[in-house]
Amino acid sequence: MQVKKVMSTVLTLAIALGITGCTKSTSQTESPSAKPSETQKAQATMTPGADPLKGTIRVNLRGASAEVWNKVAESYTAMHPNVKVIVDVKPAQGYREWVQAQFAAGKPEADFITTNENGELAKDKFVDFKPYLEKVNPYTGKSWKDGLNLEGMGINLEDPQLDQLTSLNVESVQILWMYNKEIFQKAGISAPPKTFNELMTAFQKIKDAGYTPFTIGGNALSLWSGQAGWLMRIFPDQYFRDYIKLIRSQNGDYTYLPKDDTWKFDLKDPYNDARAKVSPNELRMLKAVRDKEGPYKIEGNPAWREVYENLKKLFGYAPQGFMGMSEDQAYKLFLTGKAATMLAQPSSYWQLPKDFKDAEKTGESSGVKPFEFGYYNMPSIEGPLVQAPARTIHVSTGFYGFVKKDAEQTALDIDFMMYFTSPKGFKVYMEAMQNSKDAAMSGSPMLNNIELPDSMKKAFESFSAIGNTEGLPSPGNVLARGLYDYQPSVQSYVGLISKYFSGQLSVDEFMKQYQADIDSKLEAMLKERKKWEVSDLDHPERKPPVRQ
């Protein structure tokens, strides 16, 4: 996973299908190209005369740590003196628009970017990693794919739906709740909540004790791809776990694989719908959206009604005026002991102690007094409409990609990525993360033959897995916060959910208007995102034709 700003957004998810958050970077300006030291030059595996690589790579990741990536750049250019790496990381706020502006201006300067907020550009504008996975990684001497944990990344190279691979996720991430143990004790809460009802009871006690129960950003970015968006996707999952029976590949579908012969639906298995076990058919899913089948219908669906009612209850304990609040602002409330809980990633285990001392993040010149903190997993909702216990977002993430340019630039970009994902390159990255003031590892690497420091390994193993919702074509991921991340629909959703949370719309009116918006935008989404026609949905067994 890429370096994260603690309070910037993910991703999502997904985003379109994935998630991300970011660690805070202290610099958003272009740093000078990395200059190798004499010692590093002596350690180089190639001499300048023998090294065929030359050119410039611009690192323009979202919310990444300039400090960390400069260390990676220095180690890379030590081996390749004719290559210049310019680290110019960008803030999360406005990043999607910044990437789009690169292409609107003509020839983009950006090279190494975060791709997940611009899925509509993937087919034409980003480098496809897939053809390079069989090639030898010069930093390992083996095929590149041998060094990648493809199963952990959720990549099945045999999947006929995997036409291209425009991003790589190299770290795992798990979304948990983080809480202030001292506030819980003052409020008379002896143990973290395990159910949604227990969570609501605890939040009321915290509120009565004079604290904000939980803090979260509520601006448009958070409601879509950030922490609020995570909850929008996680909450429906408990109600609609049987979605997979409706949209799984059938015998005769172009997406059907041998594993589908033996797959059986099992609600007790939190990974039963994982792509490693069963093949979803995207056309069948979109057909269900069009035809408003089962869980893919929102209006009039009692389960969706309960989802949105519970979300409103939860967000009722957020800070007053949280709609419009950024995640950095929300994080400050937790960091300074004013709010009791927030969503977090394992990276906070290392990052929070650093941030207690940070004058900018705390708003205090000498930082704030640290407090004891802990974690708990996503509490489960209970009731007759609920099908299974809660899962969370627990996936590989990072969304590393490159802007597609000429063949020479692409070759240089691929070499840099091969180095970064090799044991040698990733060791530099991990050490830089450990020593950084503004970054922390988010989870175990999705790379093979990587040796983690003992303290890091022990910490990651302490977070128990409960299953994953992210990256699946489930109703929560496809419908919960805009139709399939289609931006005109996302914008409509943000406006509608804001009105619902503020009491301007009843739950039924919200669902009615949202359903109408989904119906009205489906055809445009298909054409823009997939280059498909609505008629393609009539034959989900066939692979749609390639259209320009």
# chains A, B, ... in the order shown; residues from 1 in each chain; ligands from 1

call {"tool": "closest_atom_pairs", "arguments": {"of": "range 409-528 of chain A", "to": "range 67-82 of chain A", "cutoff": "9 Å", "atoms": "only C-alpha atoms", "output": "CSV"}}
result
residue,atom,partner,partner_atom,distance
A:Phe416,CA,A:Tyr76,CA,7.5
A:Tyr419,CA,A:Tyr76,CA,7.5
A:Phe420,CA,A:Val72,CA,7.6
A:Gly425,CA,A:Val72,CA,7.1
A:Phe426,CA,A:Val72,CA,8.4
A:Val428,CA,A:Val72,CA,6.1
A:Tyr429,CA,A:Val72,CA,5.9
A:Met430,CA,A:Val68,CA,8.8
A:Glu431,CA,A:Val68,CA,8.8
A:Ala432,CA,A:Val68,CA,5.2
A:Met433,CA,A:Val68,CA,6.1
A:Asn435,CA,A:Val68,CA,8.7
A:Ser436,CA,A:Val68,CA,6.8
A:Lys437,CA,A:Glu67,CA,8.6
A:Asp438,CA,A:Glu67,CA,8.2
A:Ala439,CA,A:Val68,CA,7.7

call {"tool": "write_last_selection", "arguments": {"atoms": "N, CA, C and O atoms", "output": "PDB file, in the first residue's frame"}}
result
ATOM      1  N   PHE A 416      11.330   0.891 -12.569  1.00  0.00           N
ATOM      2  CA  PHE A 416      11.234   1.507 -11.245  1.00  0.00           C
ATOM      3  C   PHE A 416      10.258   0.710 -10.365  1.00  0.00           C
ATOM      4  O   PHE A 416      10.526   0.469  -9.182  1.00  0.00           O
ATOM      5  N   TYR A 419      11.793  -2.503  -9.222  1.00  0.00           N
ATOM      6  CA  TYR A 419      12.713  -2.263  -8.104  1.00  0.00           C
ATOM      7  C   TYR A 419      11.950  -2.061  -6.804  1.00  0.00           C
ATOM      8  O   TYR A 419      12.274  -2.680  -5.782  1.00  0.00           O
ATOM      9  N   PHE A 420      10.946  -1.224  -6.835  1.00  0.00           N
ATOM     10  CA  PHE A 420      10.175  -0.923  -5.626  1.00  0.00           C
ATOM     11  C   PHE A 420       9.556  -2.181  -5.026  1.00  0.00           C
ATOM     12  O   PHE A 420       9.525  -2.345  -3.801  1.00  0.00           O
ATOM     13  N   GLY A 425      14.304  -3.135  -2.921  1.00  0.00           N
ATOM     14  CA  GLY A 425      13.643  -1.832  -2.961  1.00  0.00           C
ATOM     15  C   GLY A 425      12.653  -1.645  -1.836  1.00  0.00           C
ATOM     16  O   GLY A 425      12.569  -0.561  -1.236  1.00  0.00           O
ATOM     17  N   PHE A 426      11.901  -2.693  -1.515  1.00  0.00           N
ATOM     18  CA  PHE A 426      10.886  -2.552  -0.477  1.00  0.00           C
ATOM     19  C   PHE A 426      11.513  -2.443   0.900  1.00  0.00           C
ATOM     20  O   PHE A 426      10.925  -1.833   1.809  1.00  0.00           O
ATOM     21  N   VAL A 428      14.155  -0.673   1.522  1.00  0.00           N
ATOM     22  CA  VAL A 428      14.428   0.763   1.626  1.00  0.00           C
ATOM     23  C   VAL A 428      13.148   1.500   2.020  1.00  0.00           C
ATOM     24  O   VAL A 428      13.153   2.383   2.888  1.00  0.00           O
ATOM     25  N   TYR A 429      12.056   1.138   1.383  1.00  0.00           N
ATOM     26  CA  TYR A 429      10.756   1.757   1.663  1.00  0.00           C
ATOM     27  C   TYR A 429      10.339   1.532   3.120  1.00  0.00           C
ATOM     28  O   TYR A 429       9.934   2.466   3.825  1.00  0.00           O
ATOM     29  N   MET A 430      10.454   0.291   3.597  1.00  0.00           N
ATOM     30  CA  MET A 430      10.047  -0.018   4.973  1.00  0.00           C
ATOM     31  C   MET A 430      10.904   0.722   5.993  1.00  0.00           C
ATOM     32  O   MET A 430      10.393   1.243   6.986  1.00  0.00           O
ATOM     33  N   GLU A 431      12.211   0.765   5.750  1.00  0.00           N
ATOM     34  CA  GLU A 431      13.098   1.461   6.687  1.00  0.00           C
ATOM     35  C   GLU A 431      12.788   2.957   6.709  1.00  0.00           C
ATOM     36  O   GLU A 431      12.811   3.585   7.772  1.00  0.00           O
ATOM     37  N   ALA A 432      12.495   3.507   5.532  1.00  0.00           N
ATOM     38  CA  ALA A 432      12.137   4.928   5.471  1.00  0.00           C
ATOM     39  C   ALA A 432      10.834   5.185   6.208  1.00  0.00           C
ATOM     40  O   ALA A 432      10.683   6.213   6.889  1.00  0.00           O
ATOM     41  N   MET A 433       9.901   4.258   6.113  1.00  0.00           N
ATOM     42  CA  MET A 433       8.629   4.402   6.824  1.00  0.00           C
ATOM     43  C   MET A 433       8.838   4.359   8.337  1.00  0.00           C
ATOM     44  O   MET A 433       8.248   5.156   9.086  1.00  0.00           O
ATOM     45  N   ASN A 435      11.433   5.199  10.009  1.00  0.00           N
ATOM     46  CA  ASN A 435      12.163   6.376  10.482  1.00  0.00           C
ATOM     47  C   ASN A 435      11.460   7.687  10.181  1.00  0.00           C
ATOM     48  O   ASN A 435      11.907   8.748  10.617  1.00  0.00           O
ATOM     49  N   SER A 436      10.367   7.626   9.456  1.00  0.00           N
ATOM     50  CA  SER A 436       9.670   8.833   9.038  1.00  0.00           C
ATOM     51  C   SER A 436       8.871   9.447  10.179  1.00  0.00           C
ATOM     52  O   SER A 436       8.366   8.759  11.064  1.00  0.00           O
ATOM     53  N   LYS A 437       8.731  10.770  10.127  1.00  0.00           N
ATOM     54  CA  LYS A 437       7.904  11.480  11.102  1.00  0.00           C
ATOM     55  C   LYS A 437       6.449  11.586  10.643  1.00  0.00           C
ATOM     56  O   LYS A 437       5.580  11.927  11.434  1.00  0.00           O
ATOM     57  N   ASP A 438       6.196  11.324   9.365  1.00  0.00           N
ATOM     58  CA  ASP A 438       4.861  11.579   8.839  1.00  0.00           C
ATOM     59  C   ASP A 438       4.251  10.395   8.104  1.00  0.00           C
ATOM     60  O   ASP A 438       3.308  10.554   7.336  1.00  0.00           O
ATOM     61  N   ALA A 439       4.778   9.170   8.319  1.00  0.00           N
ATOM     62  CA  ALA A 439       4.252   8.030   7.587  1.00  0.00           C
ATOM     63  C   ALA A 439       4.355   6.761   8.414  1.00  0.00           C
ATOM     64  O   ALA A 439       5.160   6.671   9.343  1.00  0.00           O
TER      65      ALA A 439
END

call {"tool": "residues_around", "arguments": {"residues": "range 169-179 of chain A", "least_positions_apart": "6", "cutoff": "6 Å", "atoms": "only C-alpha atoms", "output": "mmCIF file with N, CA and C atoms, in the first residue's frame"}}
result
data_model
loop_
_atom_site.group_PDB
_atom_site.id
_atom_site.type_symbol
_atom_site.label_atom_id
_atom_site.label_comp_id
_atom_site.auth_asym_id
_atom_site.auth_seq_id
_atom_site.Cartn_x
_atom_site.Cartn_y
_atom_site.Cartn_z
ATOM 1 N N MET A 1 0.829 -1.190 0.000
ATOM 2 C CA MET A 1 0.000 0.000 0.000
ATOM 3 C C MET A 1 0.863 1.239 0.000
ATOM 4 N N ALA A 340 -14.129 10.320 21.112
ATOM 5 C CA ALA A 340 -13.770 9.033 21.704
ATOM 6 C C ALA A 340 -13.367 7.972 20.700
ATOM 7 N N THR A 341 -13.914 8.017 19.500
ATOM 8 C CA THR A 341 -13.629 6.960 18.531
ATOM 9 C C THR A 341 -13.488 7.536 17.129
ATOM 10 N N MET A 342 -12.915 6.736 16.261
ATOM 11 C CA MET A 342 -12.824 7.071 14.840
ATOM 12 C C MET A 342 -12.458 5.803 14.071
ATOM 13 N N LEU A 343 -12.651 5.826 12.769
ATOM 14 C CA LEU A 343 -12.179 4.726 11.936
ATOM 15 C C LEU A 343 -10.679 4.874 11.731
ATOM 16 N N ALA A 344 -9.994 3.755 11.613
ATOM 17 C CA ALA A 344 -8.538 3.805 11.494
ATOM 18 C C ALA A 344 -8.027 2.592 10.754
ATOM 19 N N GLN A 345 -6.743 2.624 10.472
ATOM 20 C CA GLN A 345 -6.021 1.517 9.858
ATOM 21 C C GLN A 345 -4.907 1.087 10.815
ATOM 22 N N PHE A 373 -4.731 4.155 23.785
ATOM 23 C CA PHE A 373 -5.758 3.882 22.778
ATOM 24 C C PHE A 373 -5.776 2.399 22.433
ATOM 25 N N GLY A 374 -6.873 1.982 21.844
ATOM 26 C CA GLY A 374 -7.026 0.581 21.455
ATOM 27 C C GLY A 374 -7.881 0.470 20.210
ATOM 28 N N TYR A 375 -8.205 -0.776 19.838
ATOM 29 C CA TYR A 375 -8.946 -1.028 18.604
ATOM 30 C C TYR A 375 -10.062 -2.033 18.854
ATOM 31 N N TYR A 376 -11.096 -1.960 18.041
ATOM 32 C CA TYR A 376 -12.088 -3.030 17.992
ATOM 33 C C TYR A 376 -12.602 -3.150 16.562
ATOM 34 N N ASN A 377 -13.075 -4.341 16.246
ATOM 35 C CA ASN A 377 -13.547 -4.603 14.902
ATOM 36 C C ASN A 377 -14.938 -4.029 14.668
ATOM 37 N N ILE A 393 -13.501 -3.652 5.396
ATOM 38 C CA ILE A 393 -12.619 -3.523 4.243
ATOM 39 C C ILE A 393 -11.254 -4.046 4.664
ATOM 40 N N HIS A 394 -10.836 -5.130 4.055
ATOM 41 C CA HIS A 394 -9.556 -5.761 4.410
ATOM 42 C C HIS A 394 -8.947 -6.295 3.123
ATOM 43 N N VAL A 395 -8.204 -5.457 2.460
ATOM 44 C CA VAL A 395 -7.721 -5.768 1.122
ATOM 45 C C VAL A 395 -6.295 -5.275 0.926
ATOM 46 N N SER A 396 -5.773 -5.618 -0.229
ATOM 47 C CA SER A 396 -4.516 -4.996 -0.641
ATOM 48 C C SER A 396 -4.850 -3.635 -1.226
ATOM 49 N N THR A 397 -3.966 -2.692 -1.043
ATOM 50 C CA THR A 397 -4.241 -1.350 -1.519
ATOM 51 C C THR A 397 -2.948 -0.635 -1.875
ATOM 52 N N GLY A 398 -3.076 0.525 -2.417
ATOM 53 C CA GLY A 398 -1.938 1.289 -2.900
ATOM 54 C C GLY A 398 -2.299 2.019 -4.177
ATOM 55 N N PHE A 399 -2.891 1.278 -5.136
ATOM 56 C CA PHE A 399 -3.348 1.852 -6.406
ATOM 57 C C PHE A 399 -2.219 2.594 -7.126
ATOM 58 N N SER A 442 0.735 0.559 6.496
ATOM 59 C CA SER A 442 -0.683 0.322 6.738
ATOM 60 C C SER A 442 -1.009 -1.134 6.988
ATOM 61 N N GLY A 443 -0.158 -2.033 6.557
ATOM 62 C CA GLY A 443 -0.421 -3.454 6.736
ATOM 63 C C GLY A 443 0.693 -4.276 6.126
ATOM 64 N N SER A 444 0.555 -5.573 6.213
ATOM 65 C CA SER A 444 1.579 -6.465 5.684
ATOM 66 C C SER A 444 1.701 -6.296 4.175
ATOM 67 N N PRO A 445 2.918 -6.384 3.654
ATOM 68 C CA PRO A 445 3.101 -6.242 2.207
ATOM 69 C C PRO A 445 2.537 -7.427 1.438
ATOM 70 N N MET A 446 1.974 -7.155 0.272
ATOM 71 C CA MET A 446 1.477 -8.195 -0.623
ATOM 72 C C MET A 446 2.573 -8.580 -1.620
#

call {"tool": "residues_around", "arguments": {"residues": "range 89-92 of chain A", "least_positions_apart": "2", "cutoff": "6 Å", "atoms": "only C-alpha atoms", "output": "PyMOL selection string"}}
result
chain A and resi 28+60-64+95

call {"tool": "write_last_selection", "arguments": {"atoms": "N, CA, C and O atoms", "output": "PDB file, in the first residue's frame"}}
result
ATOM      1  N   GLN A  28       4.411  19.655  -0.199  1.00  0.00           N
ATOM      2  CA  GLN A  28       3.676  19.436  -1.425  1.00  0.00           C
ATOM      3  C   GLN A  28       4.412  20.080  -2.590  1.00  0.00           C
ATOM      4  O   GLN A  28       3.881  20.214  -3.666  1.00  0.00           O
ATOM      5  N   ASN A  60       4.179  11.468  -8.381  1.00  0.00           N
ATOM      6  CA  ASN A  60       3.083  12.393  -8.070  1.00  0.00           C
ATOM      7  C   ASN A  60       1.955  11.674  -7.352  1.00  0.00           C
ATOM      8  O   ASN A  60       0.777  11.818  -7.690  1.00  0.00           O
ATOM      9  N   LEU A  61       2.300  10.857  -6.367  1.00  0.00           N
ATOM     10  CA  LEU A  61       1.304  10.083  -5.624  1.00  0.00           C
ATOM     11  C   LEU A  61       0.431  10.980  -4.765  1.00  0.00           C
ATOM     12  O   LEU A  61       0.818  12.071  -4.380  1.00  0.00           O
ATOM     13  N   ARG A  62      -0.745  10.482  -4.452  1.00  0.00           N
ATOM     14  CA  ARG A  62      -1.692  11.227  -3.630  1.00  0.00           C
ATOM     15  C   ARG A  62      -1.368  11.053  -2.145  1.00  0.00           C
ATOM     16  O   ARG A  62      -1.334   9.951  -1.617  1.00  0.00           O
ATOM     17  N   GLY A  63      -1.115  12.176  -1.476  1.00  0.00           N
ATOM     18  CA  GLY A  63      -0.960  12.168  -0.037  1.00  0.00           C
ATOM     19  C   GLY A  63       0.212  11.374   0.483  1.00  0.00           C
ATOM     20  O   GLY A  63       0.244  11.014   1.656  1.00  0.00           O
ATOM     21  N   ALA A  64       1.190  11.078  -0.357  1.00  0.00           N
ATOM     22  CA  ALA A  64       2.318  10.266   0.072  1.00  0.00           C
ATOM     23  C   ALA A  64       3.338  11.112   0.830  1.00  0.00           C
ATOM     24  O   ALA A  64       3.289  12.341   0.824  1.00  0.00           O
ATOM     25  N   TYR A  95      -7.180  15.776  -5.646  1.00  0.00           N
ATOM     26  CA  TYR A  95      -6.256  14.965  -6.427  1.00  0.00           C
ATOM     27  C   TYR A  95      -6.894  14.441  -7.710  1.00  0.00           C
ATOM     28  O   TYR A  95      -6.259  14.450  -8.778  1.00  0.00           O
TER      29      TYR A  95
END

call {"tool": "select_by_dssp", "arguments": {"residues": "range 157-199 of chain A", "states": "alpha helix (DSSP H)", "output": "ChimeraX atom specification"}}
result
/A:181-186,196-199

call {"tool": "write_last_selection", "arguments": {"atoms": "N, CA, C and O atoms", "output": "compact mmCIF listing (two decimals), in the first residue's frame"}}
result
# COMPACT_ATOMS: atom_id res chain seq x y z
N LYS A 181 -9.13 4.91 25.31
CA LYS A 181 -9.48 4.08 26.46
C LYS A 181 -9.83 4.91 27.70
O LYS A 181 -10.67 4.51 28.52
N GLU A 182 -9.21 6.07 27.81
CA GLU A 182 -9.48 6.92 28.98
C GLU A 182 -10.91 7.47 28.94
O GLU A 182 -11.59 7.54 29.98
N ILE A 183 -11.38 7.86 27.76
CA ILE A 183 -12.77 8.35 27.65
C ILE A 183 -13.75 7.22 27.91
O ILE A 183 -14.77 7.41 28.59
N PHE A 184 -13.47 6.04 27.39
CA PHE A 184 -14.35 4.90 27.63
C PHE A 184 -14.47 4.64 29.14
O PHE A 184 -15.57 4.38 29.66
N GLN A 185 -13.34 4.72 29.85
CA GLN A 185 -13.36 4.47 31.29
C GLN A 185 -14.18 5.54 32.02
O GLN A 185 -14.99 5.22 32.90
N LYS A 186 -14.00 6.80 31.63
CA LYS A 186 -14.76 7.88 32.26
C LYS A 186 -16.25 7.77 32.00
O LYS A 186 -17.07 8.18 32.84
N PHE A 196 -23.98 -3.52 17.02
CA PHE A 196 -24.36 -2.15 16.71
C PHE A 196 -25.17 -1.54 17.86
O PHE A 196 -24.98 -0.36 18.20
N ASN A 197 -26.03 -2.32 18.49
CA ASN A 197 -26.79 -1.81 19.63
C ASN A 197 -25.87 -1.43 20.78
O ASN A 197 -26.08 -0.40 21.45
N GLU A 198 -24.86 -2.25 21.03
CA GLU A 198 -23.88 -1.92 22.07
C GLU A 198 -23.12 -0.65 21.71
O GLU A 198 -22.81 0.16 22.59
N LEU A 199 -22.83 -0.48 20.44
CA LEU A 199 -22.13 0.72 19.98
C LEU A 199 -22.98 1.96 20.24
O LEU A 199 -22.47 2.98 20.73

call {"tool": "select_by_dssp", "arguments": {"residues": "range 309-543 of chain A", "states": "strand (DSSP E or B)", "output": "PyMOL selection string"}}
result
chain A and resi 323+339-344+373-376+380+392+394-397+400-403+445+447+468+480+482

call {"tool": "residues_around", "arguments": {"residues": "Arg547 in chain A", "least_positions_apart": "3", "cutoff": "12 Å", "atoms": "only C-alpha atoms", "output": "mmCIF file with C-alpha atoms, in the first residue's frame"}}
result
data_model
loop_
_atom_site.group_PDB
_atom_site.id
_atom_site.type_symbol
_atom_site.label_atom_id
_atom_site.label_comp_id
_atom_site.auth_asym_id
_atom_site.auth_seq_id
_atom_site.Cartn_x
_atom_site.Cartn_y
_atom_site.Cartn_z
ATOM 1 C CA LYS A 123 -8.459 1.958 -20.481
ATOM 2 C CA LEU A 526 -22.149 1.985 -19.095
ATOM 3 C CA LYS A 527 -20.971 3.995 -22.083
ATOM 4 C CA GLU A 528 -18.435 6.115 -20.200
ATOM 5 C CA ARG A 529 -16.939 3.553 -17.833
ATOM 6 C CA LYS A 530 -17.225 0.343 -19.840
ATOM 7 C CA LYS A 531 -17.940 1.364 -23.456
ATOM 8 C CA TRP A 532 -20.924 -0.964 -23.217
ATOM 9 C CA GLU A 533 -24.506 -0.588 -24.394
ATOM 10 C CA ASP A 536 -25.217 -5.926 -23.784
ATOM 11 C CA LYS A 543 -18.389 -10.926 -23.811
ATOM 12 C CA PRO A 544 -19.356 -7.447 -25.054
#

call {"tool": "closest_residue", "arguments": {"among": "A:Val368, A:Asp88, A:Ala191, A:Met525", "to": "Asp485 in chain A", "atoms": "only C-alpha atoms"}}
result
A:Met525

call {"tool": "closest_atom_pairs", "arguments": {"of": "range 360-451 of chain A", "to": "range 351-356 of chain A", "cutoff": "6 Å", "atoms": "only C-alpha atoms", "output": "CSV"}}
result
residue,atom,partner,partner_atom,distance
A:Gly367,CA,A:Phe356,CA,5.6
A:Val368,CA,A:Phe356,CA,5.4
A:Pro370,CA,A:Phe356,CA,5.9
A:Ala440,CA,A:Gln351,CA,5.8

call {"tool": "residues_around", "arguments": {"residues": "Asp517 in chain A", "least_positions_apart": "3", "cutoff": "9 Å", "atoms": "only C-alpha atoms", "output": "JSON, numbers by chain"}}
result
{"A": [483, 489, 492, 493, 512, 513, 514, 520, 521, 522]}

call {"tool": "residues_around", "arguments": {"residues": "Gly321 in chain A", "least_positions_apart": "6", "cutoff": "10 Å", "atoms": "only C-alpha atoms", "output": "PyMOL selection string"}}
result
chain A and resi 217-218+502
